[in-house]
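K.L.:
Below is the file final_18.txt, which contains compact mmCIF, C-alpha atoms.
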# COMPACT_ATOMS: atom_id res chain seq x y z
CA ASN A 776 6.72 -25.24 21.51
CA ALA A 777 7.58 -27.54 18.62
CA GLY A 778 10.51 -29.03 20.58
CA VAL A 779 13.22 -30.53 18.36
CA THR A 780 12.46 -30.49 14.64
CA GLN A 781 14.43 -32.52 12.11
CA THR A 782 14.23 -32.45 8.33
CA PRO A 783 13.99 -34.37 6.11
CA LYS A 784 12.27 -37.41 7.63
CA PHE A 785 13.34 -39.67 4.78
CA GLN A 786 16.16 -39.36 2.25
CA VAL A 787 17.73 -41.64 -0.35
CA LEU A 788 21.22 -40.79 -1.57
CA LYS A 789 23.65 -42.30 -4.00
CA THR A 790 27.18 -43.10 -2.90
CA GLY A 791 29.33 -39.99 -3.04
CA GLN A 792 26.52 -37.47 -2.79
CA SER A 793 26.47 -34.90 -0.01
CA MET A 794 23.56 -33.64 2.03
CA THR A 795 22.64 -31.80 5.20
CA LEU A 796 20.26 -32.99 7.90
CA GLN A 797 18.64 -30.00 9.55
CA CYS A 798 17.90 -29.77 13.26
CA ALA A 799 16.27 -26.91 15.14
CA GLN A 800 15.05 -26.55 18.71
CA ASP A 801 12.88 -23.83 20.22
CA MET A 802 13.40 -24.64 23.90
CA ASN A 803 16.47 -22.40 24.33
CA HIS A 804 18.54 -25.45 25.23
CA GLU A 805 22.31 -24.96 25.42
CA TYR A 806 23.38 -28.45 24.45
CA MET A 807 22.63 -30.26 21.19
CA SER A 808 23.79 -33.57 19.79
CA TRP A 809 23.46 -35.97 16.88
CA TYR A 810 23.10 -39.73 17.27
CA ARG A 811 22.74 -42.52 14.77
CA GLN A 812 20.70 -45.62 15.48
CA ASP A 813 21.52 -48.96 13.89
CA PRO A 814 19.89 -52.33 14.65
CA GLY A 815 21.46 -54.09 17.62
CA MET A 816 23.84 -51.19 18.35
CA GLY A 817 21.75 -48.74 20.30
CA LEU A 818 22.35 -45.06 19.66
CA ARG A 819 25.85 -43.78 19.01
CA LEU A 820 26.98 -40.19 19.40
CA ILE A 821 28.26 -38.50 16.24
CA HIS A 822 28.83 -34.88 17.27
CA TYR A 823 27.99 -32.72 20.22
CA SER A 824 27.72 -29.00 21.03
CA VAL A 825 27.57 -27.16 24.35
CA GLY A 826 26.79 -23.80 22.78
CA ALA A 827 27.05 -21.62 19.69
CA GLY A 828 30.49 -21.90 18.14
CA ILE A 829 31.47 -24.94 20.23
CA THR A 830 31.40 -28.50 18.86
CA ASP A 831 33.02 -31.77 19.84
CA GLN A 832 33.36 -35.19 18.28
CA GLY A 833 31.48 -38.17 19.57
CA GLU A 834 32.05 -41.88 19.15
CA VAL A 835 31.51 -42.08 15.36
CA PRO A 836 32.36 -38.68 13.79
CA ASN A 837 34.08 -39.80 10.57
CA GLY A 838 32.27 -38.69 7.43
CA TYR A 839 30.18 -36.07 9.21
CA ASN A 840 30.62 -32.35 9.85
CA VAL A 841 28.69 -30.02 12.13
CA SER A 842 28.61 -26.36 12.98
CA ARG A 843 26.60 -24.37 15.51
CA SER A 844 26.24 -20.76 14.52
CA THR A 845 23.09 -20.18 16.62
CA THR A 846 21.63 -21.67 19.80
CA GLU A 847 18.64 -23.00 17.85
CA ASP A 848 20.25 -24.82 14.90
CA PHE A 849 22.65 -27.74 14.65
CA PRO A 850 22.89 -29.12 11.10
CA LEU A 851 24.68 -32.38 10.31
CA ARG A 852 26.51 -32.57 6.97
CA LEU A 853 27.39 -35.79 5.18
CA LEU A 854 30.36 -34.93 3.00
CA SER A 855 30.45 -37.93 0.65
CA ALA A 856 27.77 -40.46 1.51
CA ALA A 857 28.69 -44.14 1.88
CA PRO A 858 26.42 -47.19 2.29
CA SER A 859 27.76 -47.54 5.86
CA GLN A 860 25.98 -44.28 6.66
CA THR A 861 22.58 -45.84 6.03
CA SER A 862 20.91 -45.35 9.39
CA VAL A 863 18.30 -43.47 11.38
CA TYR A 864 19.64 -40.16 12.65
CA PHE A 865 18.36 -38.44 15.76
CA CYS A 866 19.05 -34.91 16.81
CA ALA A 867 18.66 -34.16 20.52
CA SER A 868 18.90 -31.23 22.88
CA ASN A 869 19.11 -30.75 26.62
CA VAL A 870 18.95 -27.79 28.93
CA GLY A 871 22.64 -27.84 29.75
CA ILE A 872 24.78 -28.49 32.76
CA TRP A 873 21.85 -28.83 35.17
CA SER A 874 19.85 -31.52 33.41
CA GLY A 875 20.66 -34.71 31.57
CA GLU A 876 17.26 -35.29 29.96
CA LEU A 877 17.63 -35.45 26.20
CA PHE A 878 14.75 -34.31 24.02
CA PHE A 879 14.93 -36.09 20.68
CA GLY A 880 13.63 -35.12 17.30
CA GLU A 881 11.46 -37.54 15.32
CA GLY A 882 14.43 -38.95 13.44
CA SER A 883 15.63 -38.93 9.83
CA ARG A 884 15.87 -42.22 7.95
CA LEU A 885 18.74 -42.11 5.46
CA THR A 886 19.44 -44.75 2.84
CA VAL A 887 22.65 -44.63 0.82
CA LEU A 888 22.66 -46.77 -2.31
CA GLY B 688 35.99 -44.50 26.39
CA GLU B 689 32.85 -45.72 28.11
CA ASN B 690 31.31 -49.06 27.19
CA VAL B 691 27.77 -50.01 28.21
CA GLU B 692 26.54 -53.59 27.93
CA GLN B 693 22.81 -54.34 28.19
CA HIS B 694 21.01 -57.65 28.78
CA PRO B 695 18.82 -59.31 27.73
CA SER B 696 18.39 -58.24 24.13
CA THR B 697 14.79 -59.50 24.12
CA LEU B 698 12.40 -60.07 27.02
CA SER B 699 8.91 -61.53 26.84
CA VAL B 700 6.56 -61.42 29.85
CA GLN B 701 2.90 -61.90 30.63
CA GLU B 702 0.81 -58.91 31.59
CA GLY B 703 1.12 -58.30 35.33
CA ASP B 704 4.56 -59.90 35.63
CA SER B 705 7.71 -57.97 36.49
CA ALA B 706 10.49 -57.21 34.00
CA VAL B 707 14.15 -56.57 34.80
CA ILE B 708 16.78 -55.20 32.40
CA LYS B 709 20.42 -55.04 33.43
CA CYS B 710 23.33 -52.88 32.29
CA THR B 711 27.01 -52.72 33.12
CA TYR B 712 29.38 -49.83 32.44
CA SER B 713 33.15 -49.60 32.29
CA ASP B 714 34.11 -45.99 33.13
CA SER B 715 34.22 -45.35 36.88
CA ALA B 716 33.90 -41.60 36.13
CA SER B 717 30.33 -42.09 34.85
CA ASN B 718 27.84 -40.67 37.32
CA TYR B 719 24.58 -40.26 35.43
CA PHE B 720 22.48 -43.22 34.25
CA PRO B 721 19.25 -42.60 32.33
CA TRP B 722 16.81 -45.08 30.82
CA TYR B 723 14.98 -44.34 27.57
CA LYS B 724 11.90 -45.99 26.10
CA GLN B 725 11.39 -46.10 22.36
CA GLU B 726 8.09 -47.24 20.92
CA LEU B 727 8.03 -48.59 17.40
CA GLY B 728 8.76 -45.84 14.88
CA LYS B 729 8.98 -43.17 17.56
CA ARG B 730 11.71 -41.12 19.20
CA PRO B 731 13.38 -42.26 22.45
CA GLN B 732 11.94 -40.68 25.59
CA LEU B 733 13.40 -40.53 29.09
CA ILE B 734 11.49 -42.64 31.61
CA ILE B 735 13.76 -42.49 34.63
CA ASP B 736 17.32 -41.58 35.57
CA ILE B 737 19.63 -41.96 38.52
CA ARG B 738 22.76 -40.23 39.69
CA SER B 739 25.68 -41.95 41.37
CA ASN B 740 24.96 -40.45 44.78
CA VAL B 741 21.70 -42.44 44.91
CA GLY B 742 21.31 -46.21 45.13
CA GLU B 743 17.68 -46.53 44.07
CA LYS B 744 14.94 -44.41 42.56
CA LYS B 745 11.26 -45.20 42.02
CA ASP B 746 8.53 -43.67 39.92
CA GLN B 747 5.24 -45.52 40.21
CA ARG B 748 5.76 -48.93 38.52
CA ILE B 749 9.32 -48.18 37.45
CA ALA B 750 12.45 -48.35 39.56
CA VAL B 751 16.16 -48.15 38.88
CA THR B 752 18.94 -49.49 41.10
CA LEU B 753 22.64 -48.65 40.92
CA ASN B 754 25.64 -50.53 42.26
CA LYS B 755 28.67 -48.28 41.79
CA THR B 756 31.13 -50.82 43.15
CA ALA B 757 30.09 -53.46 40.64
CA LYS B 758 29.44 -50.84 37.92
CA HIS B 759 25.98 -52.07 37.11
CA PHE B 760 22.47 -50.66 37.14
CA SER B 761 19.07 -52.17 36.48
CA LEU B 762 15.57 -51.17 35.42
CA HIS B 763 12.64 -52.83 37.16
CA ILE B 764 9.10 -52.62 35.81
CA THR B 765 6.37 -54.08 37.99
CA GLU B 766 2.79 -55.00 37.02
CA THR B 767 3.66 -54.82 33.34
CA GLN B 768 1.02 -53.72 30.85
CA PRO B 769 0.82 -54.17 27.06
CA GLU B 770 1.65 -50.47 26.62
CA ASP B 771 5.02 -51.15 28.26
CA SER B 772 5.98 -53.05 25.10
CA ALA B 773 8.85 -51.09 23.52
CA VAL B 774 12.63 -50.99 23.19
CA TYR B 775 14.41 -49.86 26.35
CA PHE B 776 17.88 -48.35 26.35
CA CYS B 777 20.19 -47.76 29.26
CA ALA B 778 22.91 -45.14 29.01
CA ALA B 779 25.75 -43.57 30.96
CA SER B 780 27.58 -40.26 31.02
CA THR B 781 29.88 -38.26 33.26
CA GLY B 782 27.28 -35.52 33.63
CA GLY B 783 27.91 -31.79 33.83
CA THR B 784 29.17 -30.48 30.50
CA SER B 785 28.94 -34.04 29.19
CA TYR B 786 25.25 -34.49 30.03
CA GLY B 787 24.35 -34.81 26.36
CA LYS B 788 27.22 -37.18 25.61
CA LEU B 789 25.53 -40.46 26.37
CA THR B 790 26.91 -43.93 25.74
CA PHE B 791 23.94 -46.22 25.13
CA GLY B 792 23.48 -49.91 25.62
CA GLN B 793 22.35 -52.07 22.72
CA GLY B 794 18.69 -52.04 23.73
CA THR B 795 16.16 -54.56 25.05
CA ILE B 796 12.97 -55.37 23.15
CA LEU B 797 10.29 -55.88 25.81
CA THR B 798 7.08 -57.60 24.77
CA VAL B 799 4.18 -57.78 27.24
CA HIS B 800 1.57 -60.36 26.28
CA PRO B 801 -2.05 -59.68 27.33
Written as structure tokens, that's how I'd like the structure from this file.

P.N.:
Amino acid sequence: NAGVTQTPKFQVLKTGQSMTLQCAQDMNHEYMSWYRQDPGMGLRLIHYSVGAGITDQGEVPNGYNVSRSTTEDFPLRLLSAAPSQTSVYFCASNVGIWSGELFFGEGSRLTVL
Amino acid sequence: GENVEQHPSTLSVQEGDSAVIKCTYSDSASNYFPWYKQELGKRPQLIIDIRSNVGEKKDQRIAVTLNKTAKHFSLHITETQPEDSAVYFCAASTGGTSYGKLTFGQGTILTVHP
């Protein structure tokens, strides 16, 4: 199993551009989530999904969209990038209601100029 | 919403010493408290977790304690080794359908000197 796969690993954007961070998992996990990691602030939840067709906002959802059309994929869309969205983004999955262990992807480092 | 505070932000110990990291949470509905370790440039990985019906849990050199009344929980690492050097994050959630909705602390940079 590859686990949780994120692409791209690095990306530089200009202010106002849009892009999609891809996330896929091959563990048949029900739940998937996106976090951003900033220095001194830990990881903060952006969006969350408990299954295909079901998404929910996290702590910092503004400026980001998600959709979950399949169990495997959970892409994160930046609509109009801003410098405040410069961060490291982690996608994660977990089995579902019976287990809290998150399995993280390798992360995507995004810089917005 | 939930708020998790973590202390200290940095911790430096000599190899073989013990290390303790403390966290407090605000939401009394939280009942699941994991700890993640993140090595430099790597993804966070779960090292231990505890649920609110348990006061203490051990796994070899690592232990976690929970005080529900005071709303705080702690990570204890004994006989530290240089490979324990990493950033450690505590987190909290209400479990169940919110298992993946973690609120993280700010992180503790642990350095173990040989």

K.L.:
Tell me which protein, DNA and RNA residues are within 6 Å of region 809-816 of chain A, counting only C-alpha atoms, leaving out same-chain ones fewer than 6 positions away, and put them as a VMD selection string.

P.N.:
(chain A and resid 822 862 to 866) or (chain B and resid 793)

K.L.:
Considering all atoms listed in the file, give me a table of residues in chain A that are at most 6 Å from chain B, with the closest atom pair and distance in Å for each, as CSV.

P.N.:
residue,atom,partner,partner_atom,distance
A:Gly815,CA,B:Gln793,CA,5.6
A:Met816,CA,B:Gln793,CA,4.7
A:Gly817,CA,B:Gln793,CA,4.2
A:Leu818,CA,B:Phe791,CA,5.8
A:Ile872,CA,B:Gly783,CA,4.7
A:Gly875,CA,B:Tyr786,CA,4.8
A:Glu881,CA,B:Arg730,CA,5.3

K.L.:
Take the residues from that selection and write them out as a compact mmCIF listing (two decimals), in the coordinates of the input, keeping C-alpha atoms.

P.N.:
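The resulting file, again.txt, is shown below:
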# COMPACT_ATOMS: atom_id res chain seq x y z
CA GLY A 815 21.46 -54.09 17.62
CA MET A 816 23.84 -51.19 18.35
CA GLY A 817 21.75 -48.74 20.30
CA LEU A 818 22.35 -45.06 19.66
CA ILE A 872 24.78 -28.49 32.76
CA GLY A 875 20.66 -34.71 31.57
CA GLU A 881 11.46 -37.54 15.32

K.L.:
Please, what distance in Å, to one decimal, runs between CA of Ser713 (chain B) and CA of Ser859 (chain A)?

P.N.:
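Separation of CA of Ser713 (chain B) and CA of Ser859 (chain A): 27.1 Å.
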
K.L.:
Tell me, in Å to one decimal, how far CA of Gln797 (chain A) is from CA of Gly871 (chain A).

P.N.:
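That distance, rounded to one decimal, is 20.7 Å.
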
K.L.:
So, counting only C-alpha atoms, which residue among B:Ser715, B:His800, B:Ala706, B:Ser739 is closest to Ile764 (chain B)?

P.N.:
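With only C-alpha atoms as the atom set, the closest residue is B:Ala706.
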
K.L.:
Given only C-alpha atoms as the basis, pick out the residue of A:Thr861, A:Thr780, A:Thr830, A:Ser874 nearest to Glu847 (chain A).

P.N.:
A:Thr780

K.L.:
Taking (14.1, -36.3, 7.8) in the file's coordinates, which residues come within 12 Å, counting only C-alpha atoms, written as a list in words?

P.N.:
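Using only C-alpha atoms, the matching residues come out as Thr780, Gln781, Thr782, Pro783, Lys784, Phe785, Gln786, Val787, Met794, Thr795, Leu796, Gln797, Cys798, Pro850, Leu851, Ser862, Val863, Tyr864, Phe865, Cys866, Gly880, Glu881, Gly882, Ser883, Arg884, Leu885 and Thr886 of chain A.
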
K.L.:
How many Å separate CA of Lys744 (chain B) from CA of Lys724 (chain B)?

P.N.:
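Interatomic distance, CA of Lys744 (chain B) to CA of Lys724 (chain B): 16.8 Å.
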